[in-house]
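Listing of input.txt, compact mmCIF, C-alpha atoms
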# COMPACT_ATOMS: atom_id res chain seq x y z
CA MET A 25 -26.49 84.75 43.01
CA ASN A 26 -23.29 83.99 41.11
CA ASN A 27 -21.92 86.64 38.82
CA PRO A 28 -20.80 84.97 35.54
CA SER A 29 -18.45 87.83 34.70
CA ARG A 30 -16.70 87.52 38.06
CA ALA A 31 -16.39 83.76 37.64
CA GLY A 32 -14.95 84.32 34.17
CA ASN A 33 -12.49 86.88 35.47
CA LEU A 34 -11.38 84.52 38.24
CA GLY A 35 -10.91 81.70 35.73
CA ALA A 36 -8.85 83.93 33.45
CA PHE A 37 -6.75 85.04 36.42
CA LEU A 38 -6.07 81.44 37.49
CA ARG A 39 -5.07 80.43 33.97
CA ARG A 40 -2.19 82.89 33.87
CA ASP A 41 1.33 81.49 34.10
CA THR A 42 2.21 84.18 36.63
CA THR A 43 -0.73 83.25 38.87
CA GLY A 44 0.25 79.59 39.00
CA GLY A 45 3.85 80.46 39.80
CA LEU A 46 2.84 83.01 42.45
CA LEU A 47 0.46 80.62 44.25
CA LEU A 48 3.11 77.89 44.10
CA LEU A 49 5.67 80.25 45.65
CA ILE A 50 3.25 81.37 48.38
CA ALA A 51 2.42 77.75 49.24
CA MET A 52 6.11 76.82 49.33
CA VAL A 53 7.06 79.73 51.62
CA ALA A 54 4.06 79.09 53.87
CA ALA A 55 5.01 75.42 54.22
CA LEU A 56 8.62 76.27 55.13
CA VAL A 57 7.58 78.92 57.65
CA ILE A 58 4.95 76.77 59.34
CA ALA A 59 7.15 73.64 59.38
CA ASN A 60 9.87 75.59 61.19
CA SER A 61 7.54 77.40 63.60
CA PRO A 62 5.78 76.31 66.82
CA LEU A 63 3.04 75.00 64.50
CA GLY A 64 5.48 72.52 62.97
CA ASP A 65 4.13 69.50 64.87
CA PHE A 66 0.59 70.41 63.81
CA TYR A 67 1.71 70.75 60.16
CA PHE A 68 3.44 67.35 60.11
CA GLY A 69 0.51 65.82 61.97
CA VAL A 70 -1.90 66.99 59.27
CA ARG A 71 0.45 65.93 56.47
CA ASP A 72 0.85 62.43 57.93
CA ALA A 73 -2.80 61.97 58.93
CA HIS A 74 -4.53 59.08 57.15
CA VAL A 75 -7.62 59.83 55.08
CA GLY A 76 -9.48 57.07 53.30
CA ILE A 77 -12.56 54.90 52.92
CA GLY A 78 -11.04 51.56 53.86
CA VAL A 79 -10.64 50.42 50.26
CA PRO A 80 -7.17 49.43 48.99
CA GLY A 81 -5.72 52.30 47.02
CA PHE A 82 -8.01 54.82 48.70
CA ASP A 83 -6.33 55.00 52.10
CA HIS A 84 -3.42 57.46 52.17
CA THR A 85 -1.95 60.21 54.24
CA VAL A 86 -2.84 63.78 53.32
CA GLY A 87 0.66 64.23 51.86
CA GLU A 88 0.31 61.06 49.79
CA TRP A 89 -3.09 62.16 48.50
CA ALA A 90 -1.52 65.44 47.40
CA ALA A 91 1.35 63.68 45.58
CA ASP A 92 -0.43 60.57 44.26
CA GLY A 93 -3.96 61.88 43.85
CA LEU A 94 -4.20 65.59 43.23
CA LEU A 95 -0.98 65.72 41.23
CA ALA A 96 -2.56 63.30 38.74
CA ILE A 97 -4.74 66.25 37.65
CA PHE A 98 -1.61 68.30 36.96
CA PHE A 99 -0.18 65.42 34.92
CA PHE A 100 -3.49 65.04 33.07
CA LEU A 101 -3.11 68.64 31.93
CA THR A 102 0.53 67.91 31.07
CA GLY A 103 -0.68 65.01 28.92
CA LEU A 104 -3.22 67.26 27.19
CA GLU A 105 -0.53 69.87 26.56
CA LEU A 106 1.92 67.29 25.23
CA LYS A 107 -0.73 65.79 22.92
CA THR A 108 -1.62 69.24 21.60
CA GLU A 109 2.05 70.09 20.99
CA PHE A 110 2.67 66.82 19.14
CA VAL A 111 -0.46 67.07 16.98
CA ASN A 112 -0.94 70.79 16.43
CA GLY A 113 1.95 72.63 18.03
CA GLU A 114 5.68 73.19 18.06
CA LEU A 115 6.52 69.49 18.37
CA ARG A 116 4.64 68.70 15.16
CA ASN A 117 7.44 70.14 13.02
CA ILE A 118 10.42 67.96 13.88
CA ARG A 119 13.01 70.26 12.36
CA LYS A 120 11.63 73.31 14.15
CA ALA A 121 11.31 71.48 17.45
CA MET A 122 14.69 69.76 17.19
CA LEU A 123 16.69 72.44 19.01
CA PRO A 124 14.56 72.69 22.21
CA VAL A 125 13.96 68.92 22.20
CA VAL A 126 17.69 68.07 22.11
CA ALA A 127 18.35 70.90 24.58
CA ALA A 128 15.84 69.28 26.94
CA VAL A 129 17.65 65.96 26.65
CA GLY A 130 20.95 67.68 27.42
CA GLY A 131 19.26 69.36 30.36
CA VAL A 132 18.31 65.95 31.74
CA ILE A 133 21.56 64.07 31.15
CA MET A 134 24.02 66.66 32.50
CA PRO A 135 22.33 67.25 35.91
CA ALA A 136 22.05 63.48 36.43
CA LEU A 137 25.75 63.02 35.66
CA ILE A 138 26.76 65.87 37.96
CA TYR A 139 24.60 64.49 40.77
CA LEU A 140 26.09 61.02 40.40
CA GLY A 141 29.62 62.42 40.11
CA ILE A 142 29.32 64.41 43.34
CA ASN A 143 27.83 61.48 45.25
CA ILE A 144 30.40 58.99 43.93
CA ALA A 145 33.25 61.37 44.72
CA ALA A 146 31.90 61.84 48.24
CA GLY A 147 31.64 58.09 48.78
CA ALA A 148 27.90 58.31 49.41
CA GLU A 149 25.98 55.14 50.19
CA GLU A 150 23.98 53.36 47.52
CA THR A 151 20.70 54.83 48.79
CA ALA A 152 21.89 58.34 47.88
CA MET A 153 22.39 57.24 44.27
CA HIS A 154 18.63 56.70 43.94
CA GLY A 155 18.15 60.47 43.70
CA TRP A 156 19.97 60.91 40.38
CA ALA A 157 16.74 61.95 38.60
CA ILE A 158 15.79 64.68 41.10
CA PRO A 159 17.67 67.59 39.44
CA THR A 160 16.65 66.58 35.91
CA ALA A 161 13.16 68.11 36.04
CA THR A 162 12.06 71.61 35.04
CA ASP A 163 8.96 73.05 36.68
CA ILE A 164 6.79 74.31 33.79
CA ALA A 165 4.56 76.59 35.87
CA PHE A 166 7.38 78.16 37.86
CA ALA A 167 9.81 78.58 34.95
CA VAL A 168 7.26 80.08 32.56
CA SER A 169 6.00 82.31 35.38
CA VAL A 170 9.48 83.76 35.92
CA LEU A 171 9.76 84.41 32.19
CA ALA A 172 6.33 86.08 32.18
CA VAL A 173 7.14 88.30 35.19
CA VAL A 174 10.54 89.57 34.00
CA GLY A 175 10.07 89.34 30.23
CA SER A 176 7.22 91.56 29.06
CA ALA A 177 9.29 92.77 26.10
CA LEU A 178 11.18 89.56 25.35
CA PRO A 179 10.57 87.87 21.96
CA THR A 180 7.66 85.43 21.86
CA ALA A 181 10.03 82.83 20.43
CA MET A 182 11.78 82.66 23.81
CA ARG A 183 8.61 81.55 25.57
CA THR A 184 7.98 78.99 22.83
CA PHE A 185 11.50 77.60 23.29
CA LEU A 186 11.18 77.41 27.09
CA LEU A 187 7.69 75.90 26.96
CA THR A 188 8.73 73.27 24.40
CA LEU A 189 11.83 72.45 26.43
CA ALA A 190 9.81 72.15 29.66
CA VAL A 191 7.15 69.98 27.99
CA VAL A 192 9.77 67.57 26.61
CA ASP A 193 11.53 67.65 29.99
CA ASP A 194 8.27 66.61 31.67
CA LEU A 195 7.80 63.82 29.13
CA ILE A 196 11.25 62.48 29.99
CA ALA A 197 10.44 62.79 33.72
CA ILE A 198 7.22 60.84 33.17
CA ILE A 199 9.16 58.06 31.41
CA ILE A 200 11.70 57.99 34.26
CA ILE A 201 8.93 57.73 36.86
CA ALA A 202 7.19 54.98 34.91
CA PHE A 203 10.26 52.80 34.35
CA VAL A 204 12.69 53.64 37.17
CA TYR A 205 10.33 54.04 40.12
CA THR A 206 8.04 51.13 39.34
CA GLU A 207 9.27 48.08 41.26
CA SER A 208 6.70 45.46 40.25
CA VAL A 209 3.61 45.38 38.07
CA ARG A 210 0.32 43.57 38.71
CA VAL A 211 -0.75 42.61 35.22
CA LEU A 212 -4.48 42.18 36.01
CA PHE A 213 -4.87 45.76 37.22
CA LEU A 214 -2.73 47.03 34.35
CA GLY A 215 -5.06 45.24 31.95
CA CYS A 216 -8.10 46.82 33.62
CA ALA A 217 -6.46 50.23 33.28
CA ALA A 218 -5.83 49.58 29.58
CA VAL A 219 -9.52 48.70 29.05
CA LEU A 220 -10.63 51.87 30.83
CA LEU A 221 -8.21 53.94 28.75
CA ILE A 222 -9.70 52.47 25.57
CA ILE A 223 -13.21 53.36 26.77
CA PHE A 224 -11.96 56.87 27.59
CA TRP A 225 -10.45 57.12 24.10
CA VAL A 226 -13.68 55.96 22.40
CA LEU A 227 -15.88 58.36 24.36
CA THR A 228 -13.66 61.40 23.84
CA HIS A 229 -13.28 60.70 20.12
CA LYS A 230 -16.85 59.70 19.30
CA TYR A 231 -18.54 62.36 21.42
CA ALA A 232 -15.92 65.13 21.32
CA ASN A 233 -18.36 67.82 20.19
CA TRP A 234 -20.87 66.79 22.83
CA PHE A 235 -18.30 67.01 25.62
CA MET A 236 -17.35 70.46 24.34
CA ALA A 237 -20.96 71.65 24.28
CA LYS A 238 -21.98 70.08 27.63
CA HIS A 239 -19.52 71.25 30.26
CA TRP A 240 -21.09 69.07 32.95
CA ALA A 241 -20.50 65.88 30.94
CA ALA A 242 -16.74 65.86 31.57
CA TRP A 243 -17.32 66.00 35.33
CA VAL A 244 -20.09 63.40 35.38
CA ILE A 245 -18.71 60.91 32.85
CA LEU A 246 -15.01 61.46 32.19
CA LEU A 247 -13.97 62.27 35.77
CA PRO A 248 -15.31 59.02 37.36
CA LEU A 249 -13.76 57.05 34.49
CA GLY A 250 -10.49 58.86 35.10
CA VAL A 251 -10.60 58.09 38.84
CA ALA A 252 -11.20 54.40 38.10
CA THR A 253 -8.23 54.40 35.71
CA TRP A 254 -6.10 56.15 38.33
CA TRP A 255 -7.03 53.45 40.89
CA CYS A 256 -6.19 50.60 38.52
CA VAL A 257 -2.82 52.14 37.63
CA TYR A 258 -2.04 52.64 41.32
CA GLU A 259 -3.02 49.07 42.20
CA ALA A 260 -0.96 47.82 39.24
CA GLY A 261 2.13 49.16 41.03
CA VAL A 262 2.81 52.02 38.61
CA HIS A 263 2.98 55.54 40.03
CA ALA A 264 -0.56 56.84 39.79
CA THR A 265 0.34 60.18 38.19
CA ILE A 266 1.15 58.22 35.02
CA ALA A 267 -2.60 57.62 34.73
CA GLY A 268 -3.10 61.35 34.35
CA VAL A 269 -0.65 61.53 31.45
CA LEU A 270 -2.13 58.49 29.69
CA LEU A 271 -5.66 59.88 30.04
CA GLY A 272 -4.47 63.20 28.60
CA PHE A 273 -3.04 61.41 25.58
CA MET A 274 -6.39 59.69 24.95
CA VAL A 275 -8.15 63.01 24.26
CA PRO A 276 -8.29 64.09 20.60
CA VAL A 277 -6.77 67.30 19.34
CA MET A 278 -9.32 68.28 16.70
CA LYS A 279 -11.16 71.28 15.36
CA THR A 280 -14.90 71.56 15.79
CA THR A 281 -17.67 73.92 14.70
CA PRO A 282 -17.89 77.24 16.56
CA ARG A 283 -21.56 76.87 17.42
CA VAL A 284 -21.04 74.04 19.92
CA ILE A 285 -18.23 75.59 21.92
CA ARG A 286 -19.76 78.53 23.80
CA HIS A 287 -16.92 80.03 25.84
CA GLU A 288 -13.77 78.44 24.43
CA ASP A 289 -11.74 79.50 21.43
CA PRO A 290 -13.65 78.33 18.29
CA GLU A 291 -10.44 76.88 16.89
CA MET A 292 -9.79 74.59 19.86
CA GLY A 293 -10.38 70.86 19.83
CA LEU A 294 -11.34 68.80 22.88
CA ALA A 295 -7.81 68.45 24.33
CA PRO A 296 -7.05 72.19 24.49
CA ALA A 297 -10.64 72.87 25.53
CA LEU A 298 -10.33 70.56 28.54
CA GLU A 299 -6.93 72.06 29.32
CA HIS A 300 -8.59 75.50 29.23
CA ARG A 301 -11.33 74.37 31.63
CA PHE A 302 -9.19 72.50 34.14
CA ARG A 303 -6.17 74.84 34.22
CA PRO A 304 -7.72 77.05 36.94
CA LEU A 305 -8.22 73.95 39.11
CA SER A 306 -4.59 72.94 38.64
CA ASN A 307 -3.08 76.40 39.14
CA GLY A 308 -5.42 77.47 41.92
CA LEU A 309 -5.75 74.28 43.94
CA VAL A 310 -3.73 71.23 42.88
CA ILE A 311 -0.24 72.74 42.60
CA PRO A 312 -0.50 74.96 45.73
CA ILE A 313 -1.76 72.05 47.87
CA PHE A 314 0.95 69.72 46.57
CA ALA A 315 3.60 72.40 47.13
CA PHE A 316 2.29 73.10 50.63
CA PHE A 317 2.48 69.47 51.76
CA SER A 318 5.67 68.63 49.86
CA ALA A 319 7.86 71.67 50.51
CA GLY A 320 7.50 71.63 54.29
CA VAL A 321 10.72 70.45 55.88
CA ALA A 322 12.00 71.16 59.36
CA VAL A 323 15.35 72.68 58.53
CA GLY A 324 16.47 72.62 62.16
CA GLY A 325 18.12 76.03 62.20
CA ILE A 326 21.81 76.51 61.42
CA ASP A 327 22.63 72.94 62.43
CA GLY A 328 19.99 71.62 60.04
CA ILE A 329 21.30 73.73 57.18
CA LYS A 330 24.84 72.53 57.92
CA SER A 331 23.58 68.94 57.95
CA ALA A 332 21.90 69.38 54.55
CA ALA A 333 24.96 71.15 53.14
CA ALA A 334 27.13 68.22 54.22
CA ASP A 335 24.89 65.69 52.47
CA PRO A 336 26.06 64.98 48.90
CA VAL A 337 22.41 64.44 48.01
CA ALA A 338 21.61 68.13 48.59
CA LEU A 339 24.91 69.26 47.05
CA GLY A 340 24.32 67.10 43.98
CA ILE A 341 20.82 68.53 43.51
CA VAL A 342 21.95 72.16 43.83
CA ALA A 343 24.88 71.60 41.46
CA GLY A 344 22.64 69.69 39.04
CA LEU A 345 20.08 72.50 38.90
CA LEU A 346 22.53 75.43 38.88
CA ILE A 347 25.31 73.96 36.73
CA GLY A 348 23.97 70.84 35.04
CA LYS A 349 20.83 72.43 33.63
CA PRO A 350 22.48 75.52 32.05
CA VAL A 351 25.47 73.57 30.73
CA GLY A 352 23.34 70.72 29.38
CA ILE A 353 20.70 72.92 27.76
CA PHE A 354 22.97 75.61 26.35
CA GLY A 355 25.64 73.13 25.27
CA ALA A 356 23.18 70.83 23.49
CA ALA A 357 21.47 73.77 21.76
CA TRP A 358 24.79 75.24 20.60
CA LEU A 359 25.99 71.89 19.25
CA MET A 360 22.71 71.37 17.39
CA ASP A 361 22.90 74.84 15.87
CA ARG A 362 26.56 74.34 14.94
CA PHE A 363 26.50 70.81 13.54
CA SER A 364 22.92 70.05 12.41
CA PRO A 365 20.20 71.56 10.20
CA ALA A 366 18.45 72.87 13.35
CA GLU A 367 18.91 76.58 14.04
CA LYS A 368 18.38 78.93 16.94
CA ASP A 369 15.54 81.35 16.30
CA LYS A 370 16.92 84.65 15.05
CA ASP A 371 14.53 86.62 17.30
CA TYR A 372 16.69 86.05 20.39
CA THR A 373 20.41 85.90 21.11
CA TRP A 374 22.63 83.22 22.62
CA PHE A 375 22.81 85.24 25.82
CA ASP A 376 19.00 85.13 25.98
CA LEU A 377 19.12 81.36 25.63
CA PHE A 378 21.76 81.16 28.36
CA GLY A 379 19.45 83.09 30.69
CA MET A 380 16.57 80.74 29.83
CA SER A 381 18.78 77.74 30.57
CA PHE A 382 19.19 79.02 34.13
CA VAL A 383 15.44 79.55 34.46
CA ALA A 384 15.01 75.93 33.34
CA GLY A 385 16.98 74.99 36.48
CA ILE A 386 13.84 75.68 38.52
CA GLY A 387 12.98 72.09 39.34
CA PHE A 388 10.22 72.32 41.86
CA THR A 389 7.04 70.26 41.41
CA VAL A 390 8.35 67.16 39.65
CA SER A 391 11.67 67.29 41.53
CA LEU A 392 9.85 67.14 44.87
CA LEU A 393 7.80 64.21 43.61
CA VAL A 394 10.89 62.33 42.40
CA ALA A 395 12.61 63.04 45.76
CA GLU A 396 9.74 61.39 47.61
CA LEU A 397 9.81 58.43 45.21
CA SER A 398 13.58 58.14 45.63
CA PHE A 399 13.87 58.31 49.41
CA GLY A 400 10.41 58.25 51.00
CA ILE A 401 8.59 60.91 53.00
CA GLY A 402 10.29 61.77 56.29
CA SER A 403 13.68 60.19 55.54
CA PRO A 404 16.82 62.32 56.17
CA HIS A 405 17.84 62.16 52.51
CA ASN A 406 14.36 63.28 51.44
CA ASP A 407 14.47 66.26 53.81
CA HIS A 408 17.94 67.21 52.60
CA ALA A 409 16.80 66.73 49.00
CA LYS A 410 13.94 69.17 49.58
CA VAL A 411 16.37 71.74 50.97
CA GLY A 412 18.55 71.25 47.89
CA ILE A 413 15.57 71.56 45.53
CA LEU A 414 14.30 74.73 47.19
CA PHE A 415 17.73 76.35 47.44
CA GLY A 416 18.81 75.38 43.92
CA SER A 417 15.48 76.39 42.38
CA MET A 418 15.47 79.76 44.12
CA LEU A 419 19.03 80.52 43.01
CA ALA A 420 18.19 79.43 39.44
CA ALA A 421 15.14 81.72 39.46
CA ILE A 422 17.17 84.66 40.79
CA ILE A 423 20.13 84.22 38.43
CA GLY A 424 18.09 83.43 35.33
CA GLY A 425 15.44 86.02 36.17
CA SER A 426 18.08 88.73 36.67
CA MET A 427 19.73 87.93 33.34
CA LEU A 428 16.42 88.02 31.48
CA LEU A 429 15.32 91.16 33.32
CA ALA A 430 18.41 92.95 31.99
CA ARG A 431 17.68 91.64 28.51
CA ASN A 432 14.06 92.72 28.83
CA ALA A 433 15.17 96.31 29.49
CA LYS A 434 17.37 96.15 26.40
CA TYR A 435 14.53 94.82 24.23
CA LYS A 436 12.31 97.67 25.46
CA LYS A 437 14.94 100.15 24.24
CA VAL A 438 15.22 98.23 20.97
CA ARG A 439 11.49 98.55 20.41
CA ALA A 440 11.57 102.22 21.27
CA HIS A 441 14.39 102.89 18.77
CA GLY A 442 13.23 100.38 16.14
CA VAL A 443 16.68 98.80 15.94
CA ASP A 444 17.52 95.14 15.35
CA PRO A 445 18.57 93.49 18.67
CA ASP A 446 21.84 92.15 17.31
CA VAL A 447 22.78 95.55 15.88
CA TYR A 448 21.80 97.29 19.10
CA ASP A 449 23.90 94.88 21.18
CA ASN A 450 26.88 95.79 19.09
Could you quickly redo this structure as structure tokens?
Amino acid sequence: MNNPSRAGNLGAFLRRDTTGGLLLLIAMVAALVIANSPLGDFYFGVRDAHVGIGVPGFDHTVGEWAADGLLAIFFFLTGLELKTEFVNGELRNIRKAMLPVVAAVGGVIMPALIYLGINIAAGAEETAMHGWAIPTATDIAFAVSVLAVVGSALPTAMRTFLLTLAVVDDLIAIIIIAFVYTESVRVLFLGCAAVLLIIFWVLTHKYANWFMAKHWAAWVILLPLGVATWWCVYEAGVHATIAGVLLGFMVPVMKTTPRVIRHEDPEMGLAPALEHRFRPLSNGLVIPIFAFFSAGVAVGGIDGIKSAAADPVALGIVAGLLIGKPVGIFGAAWLMDRFSPAEKDKDYTWFDLFGMSFVAGIGFTVSLLVAELSFGIGSPHNDHAKVGILFGSMLAAIIGGSMLLARNAKYKKVRAHGVDPDVYDN
């Protein structure tokens, strides 16, 4: 017999930022170890094995299912989170959100320019230029997890800044995927997807309270409708993860009466309620599986590392994540604070923001997806790109995490002495 309290504890555990980041890290390390062990052939055999039902759009390799199918769930939650932020969160107040929003834009533009600059200077072939968007992404789960692990005493405003920045960063990445990596569009399927999205919108708005009260209804009604939308978007020629985002944006962010909610926060509307329910699935299953089948690359020992290090694709990604992200984010934020009505929150210092800008250089999940869209699974550039993503992300996590860990110790002392952080720093 199932124990409801245990199930609730497991769900709460899987919703934590630290849990998602930890499982992602474990999956990534496991993939790298197995791919470079005697089990490597078995790993790549499983990743490249076809699984399907013989219907167009439903016949993919295991790796493709992880990237095109399961990751749509992650992007659905991203869509829900974005919708909530725009309607009832930090992004609702334009002036308050201006600093992290512009910082996110700077954190996209600068890595792309650095990547292109390195590849142009190296005389790389045109194919290498396709990867310009790889270092522009910030991994929400991983970045926020690092902040949660090292920053128990850091101001709450820092997490808000990083989360807002990462959410806007993901929105930009979604737009890039939709417009840059879509070669041709089949209008009939796109029209069918639009009709299904309208039906999804009507159901979630008209019966929002019912879907909140009946937990099974989302699985029985909304999930099949979502899968059908995903299929139409895929067949239309648009990357299928975009379906997840669009479906997330169809869900209303609204308050409802406490009596119909049961387990969720009485103040939550349907969008945050669904995000609350599906987050354990994303953190505990979707992201680890995607990471496991995407991060595995046969490095090839010292020679393989040398080969990747000689490829301007890998060098551009590492430089984009380690230099482009901090310079773009910090520089854009400083310029906004200096020359516009937007201001940095007084609860944290510029050094704190600089540390966060390094943490934002963790570009794992979306970067791996963009690498596969840019070069294709199994291509040399894609393998080198993965090495660059992993190496750059790990260095960004170590550098940014170390900076914030030192600041966390200082904030603990500040709390103990009851002194203002700026005064204490002096």
Need to verify the contact set: region 407-411 of chain A, 9 Å, only C-alpha atoms, exclusion of same-chain residues closer than 3 positions in sequence. Can you return it as a count of residues only?
30
Compile a residue-level contact table for region 129-196 of chain A against region 304-312 of chain A at a cut-off of 12 Å, reporting for every qualifying residue the shortest atom pair and its distance in Å to one decimal, with all atoms listed in the file counted, rows ordered by chain and ascending number, as JSON lines.
{"residue": "A:Asp163", "atom": "CA", "partner": "A:Ile311", "partner_atom": "CA", "distance": 10.9}
{"residue": "A:Ile164", "atom": "CA", "partner": "A:Ile311", "partner_atom": "CA", "distance": 11.4}
{"residue": "A:Ala165", "atom": "CA", "partner": "A:Asn307", "partner_atom": "CA", "distance": 8.3}
{"residue": "A:Phe166", "atom": "CA", "partner": "A:Ile311", "partner_atom": "CA", "distance": 10.5}
{"residue": "A:Ser169", "atom": "CA", "partner": "A:Asn307", "partner_atom": "CA", "distance": 11.5}
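Reported to one decimal place, the separation of CA of Ala136 (chain A) from CA of Gly344 (chain A) is 6.8 Å.
Put simply, CA of Leu101 (chain A) is 6.5 Å away from CA of Gly272 (chain A).
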Need the neighbours of (22.0, 66.4, 37.6): which residues are at most 12 Å away, counting all atoms listed in the file, as a count of residues only?
47
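In this model, the gap between CA of Thr102 (chain A) and CA of Glu88 (chain A) comes to 19.9 Å.
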With 8 Å as the threshold, what does the neighbourhood of (1.8, 63.6, 35.5) contain in terms of residues, counting all atoms listed in the file? Coordinates are those of the file; answer as a count of residues only.
15
Taking 3 positions as the minimum chain separation for residues in the same chain, which residues sit within 6 Å of region 124-128 of chain A when counting all atoms listed in the file? Answer as a PDB file with C-alpha atoms, in the coordinates of the input.
ATOM      1  CA  ALA A 121      11.310  71.480  17.450  1.00  0.00           C
ATOM      2  CA  GLY A 131      19.260  69.360  30.360  1.00  0.00           C
ATOM      3  CA  PHE A 185      11.500  77.600  23.290  1.00  0.00           C
ATOM      4  CA  LEU A 189      11.830  72.450  26.430  1.00  0.00           C
ATOM      5  CA  ASP A 193      11.530  67.650  29.990  1.00  0.00           C
ATOM      6  CA  ILE A 353      20.700  72.920  27.760  1.00  0.00           C
ATOM      7  CA  ALA A 356      23.180  70.830  23.490  1.00  0.00           C
ATOM      8  CA  ALA A 357      21.470  73.770  21.760  1.00  0.00           C
TER       9      ALA A 357
END
Have a look at A:Ala91, A:Leu249, A:Val192, A:Leu271 and name the one nearest to Met122 (chain A); count only C-alpha atoms.
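When distances to Met122 (chain A) are compared using only C-alpha atoms, the smallest one comes from A:Val192.
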Can you tell me, as a PyMOL selection string, what residues are no more than 12 Å from Ala430 (chain A) when counting only C-alpha atoms, ignoring any on the same chain fewer than 4 positions away?
chain A and resi 174-178+375-376+379+423-426+434-437
Closest pair table for region 362-404 of chain A residues within 9 Å of region 202-220 of chain A, all atoms listed in the file, as a Markdown table:
| residue | atom | partner | partner_atom | distance |
| --- | --- | --- | --- | --- |
| A:Val394 | CA | A:Tyr205 | CA | 8.6 |
| A:Leu397 | CA | A:Tyr205 | CA | 6.7 |
| A:Ser398 | CA | A:Tyr205 | CA | 7.6 |
Identify which of the residues A:Glu149, A:Val168, A:Pro276, A:Gly93 lies closest to Gly45 (chain A), counting all atoms listed in the file when measuring atom-to-atom distances.
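That would be A:Val168, the residue with the smallest distance to Gly45 (chain A).
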Need the shell around Phe82 (chain A): protein/DNA/RNA residues with any atom at most 12 Å away, counting all atoms listed in the file. Skip same-chain ones fewer than 3 positions apart. Format as a PDB file with C-alpha atoms, in the coordinates of the input?
ATOM      1  CA  HIS A  74      -4.530  59.080  57.150  1.00  0.00           C
ATOM      2  CA  VAL A  75      -7.620  59.830  55.080  1.00  0.00           C
ATOM      3  CA  GLY A  76      -9.480  57.070  53.300  1.00  0.00           C
ATOM      4  CA  ILE A  77     -12.560  54.900  52.920  1.00  0.00           C
ATOM      5  CA  GLY A  78     -11.040  51.560  53.860  1.00  0.00           C
ATOM      6  CA  VAL A  79     -10.640  50.420  50.260  1.00  0.00           C
ATOM      7  CA  THR A  85      -1.950  60.210  54.240  1.00  0.00           C
ATOM      8  CA  VAL A  86      -2.840  63.780  53.320  1.00  0.00           C
ATOM      9  CA  GLU A  88       0.310  61.060  49.790  1.00  0.00           C
ATOM     10  CA  TRP A  89      -3.090  62.160  48.500  1.00  0.00           C
ATOM     11  CA  ASP A  92      -0.430  60.570  44.260  1.00  0.00           C
ATOM     12  CA  GLY A  93      -3.960  61.880  43.850  1.00  0.00           C
ATOM     13  CA  VAL A 251     -10.600  58.090  38.840  1.00  0.00           C
ATOM     14  CA  ALA A 252     -11.200  54.400  38.100  1.00  0.00           C
ATOM     15  CA  TRP A 254      -6.100  56.150  38.330  1.00  0.00           C
ATOM     16  CA  TRP A 255      -7.030  53.450  40.890  1.00  0.00           C
ATOM     17  CA  CYS A 256      -6.190  50.600  38.520  1.00  0.00           C
ATOM     18  CA  TYR A 258      -2.040  52.640  41.320  1.00  0.00           C
ATOM     19  CA  GLU A 259      -3.020  49.070  42.200  1.00  0.00           C
ATOM     20  CA  ALA A 264      -0.560  56.840  39.790  1.00  0.00           C
TER      21      ALA A 264
END
Residue neighbourhood Leu123 (chain A), 8 Å, all atoms listed in the file, exclusion window fewer than 6 positions, as a PDB file with C-alpha atoms, in the frame of the given file:
ATOM      1  CA  ALA A 357      21.470  73.770  21.760  1.00  0.00           C
ATOM      2  CA  MET A 360      22.710  71.370  17.390  1.00  0.00           C
ATOM      3  CA  ASP A 361      22.900  74.840  15.870  1.00  0.00           C
ATOM      4  CA  ALA A 366      18.450  72.870  13.350  1.00  0.00           C
ATOM      5  CA  GLU A 367      18.910  76.580  14.040  1.00  0.00           C
ATOM      6  CA  LYS A 368      18.380  78.930  16.940  1.00  0.00           C
TER       7      LYS A 368
END
Draw an axis-aligned box over all listed atoms of region 413-421 of chain A, pad each side with 3 Å, and write its centre and edge lengths in Å, one decimal, as lines of an AutoDock Vina configuration file.
center_x = 16.7
center_y = 76.6
center_z = 43.4
size_x = 10.7
size_y = 16.2
size_z = 14.0
